[in-house]
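Here the structure is laid out as structure tokens; the discussion comes afterwards.
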Amino acid sequence: EDGWQRPLGRLSQRHQTLAIVTSDPREHEIPDVGLLTLVDPETGRRLEVQTSSPVLRRRYADAAAAQRRSLLASLRGAGADVMELRTDRDWVLDIVRHVVTGRRHRLGHPGAAR
């Protein structure tokens, strides 16, 4: 627990709470660009990574997906409604879709996303 789940849970008990999660699909995987040098900005430590390794790319994608699932589960577990916005989609349409879906769900209309 990062320390925010409990306060968010208390807030969600008294108020309608919306967490907006933004993501860029390019952060979900490492492209095959050959040798990549990464630098830790705090320590200056350098790490060279061979991105042509399918095993490395799969492990990174799996870890990124697990982190995303964990975040979404924590937010929902704390009682927040979650809206996901992505940089590769029209965020205005995503917001409209979220509002319409939420309204259908609250009103109990057929076809409401659960």
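Residue numbering restarts at 1 for every chain of the structure tokens, chains are lettered A, B, ... in their displayed order, and ligands are numbered from 1 as they appear.
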Would you please extract all alpha helix (DSSP H) residues from chain A, as assigned by DSSP on the backbone, and give them as JSON, numbers by chain? {"A": [5, 6, 7, 8, 9, 10, 11, 12, 13, 14, 54, 55, 56, 57, 58, 59, 60, 61, 62, 63, 64, 65, 66, 67, 68, 69, 70, 71, 72, 73, 74, 75, 76, 77, 91, 92, 93, 94, 95, 96, 97, 98, 99, 100, 101, 102, 103, 104, 105, 106, 107]}
What's around Leu71 in chain A at 12 Å? Count only C-alpha atoms, leave out sequence neighbours fewer than 6 positions away in its own chain, and write the answer as a compact mmCIF listing (two decimals) with C-alpha atoms, in the first residue's frame.
```txt
# COMPACT_ATOMS: atom_id res chain seq x y z
CA GLU A 1 0.00 0.00 0.00
CA ASP A 2 1.36 3.42 -0.99
CA TRP A 4 -3.15 6.85 -0.50
CA GLN A 5 -5.63 3.95 -0.56
CA ALA A 19 -9.84 8.82 -10.46
CA ILE A 20 -8.54 9.70 -13.92
CA VAL A 21 -5.74 7.44 -15.10
CA THR A 22 -3.81 8.67 -18.12
CA ALA A 64 3.75 -2.84 -17.04
CA ALA A 65 0.41 -4.66 -17.43
CA GLY A 77 -10.97 -1.14 -4.14
CA ALA A 78 -10.82 2.27 -2.45
CA ALA A 80 -13.28 5.37 -6.67
CA VAL A 82 -12.08 5.11 -12.66
CA GLU A 84 -8.98 5.85 -18.29
```
Taking only C-alpha atoms into account, produce a table as a tab-separated table in which each residue of range 14-82 of chain A with an atom at most 8 Å from an atom of range 86-104 of chain A appears once, together with its shortest atom pair and the distance in Å to one decimal, ordered by chain and rising number.
```
residue	atom	partner	partner_atom	distance
A:Thr22	CA	A:Arg86	CA	5.6
A:Ser23	CA	A:Arg86	CA	4.9
A:Asp24	CA	A:Thr87	CA	5.1
A:Pro25	CA	A:Asp88	CA	7.2
```
Could you tell me which of A:His28, A:Arg6, A:Arg14, A:Arg46 comes closest to Arg58 in chain A if we count only C-alpha atoms?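 Among A:His28, A:Arg6, A:Arg14, A:Arg46, it is A:His28 that comes nearest to Arg58 in chain A.
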From the list A:Asp81, A:Glu42, A:Asp62, A:Glu48, the nearest residue to Ser12 in chain A using only C-alpha atoms is A:Asp81
CA of Ala73 in chain A and CA of Gln16 in chain A, how far apart in Å? 17.3 Å
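You will find CA of Ala61 in chain A at 17.3 Å from CA of Leu38 in chain A.
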Which is closer to Val33 in chain A than all the others in A:Leu18, A:Leu8, A:Val49, A:Ala66, using only C-alpha atoms? A:Val49
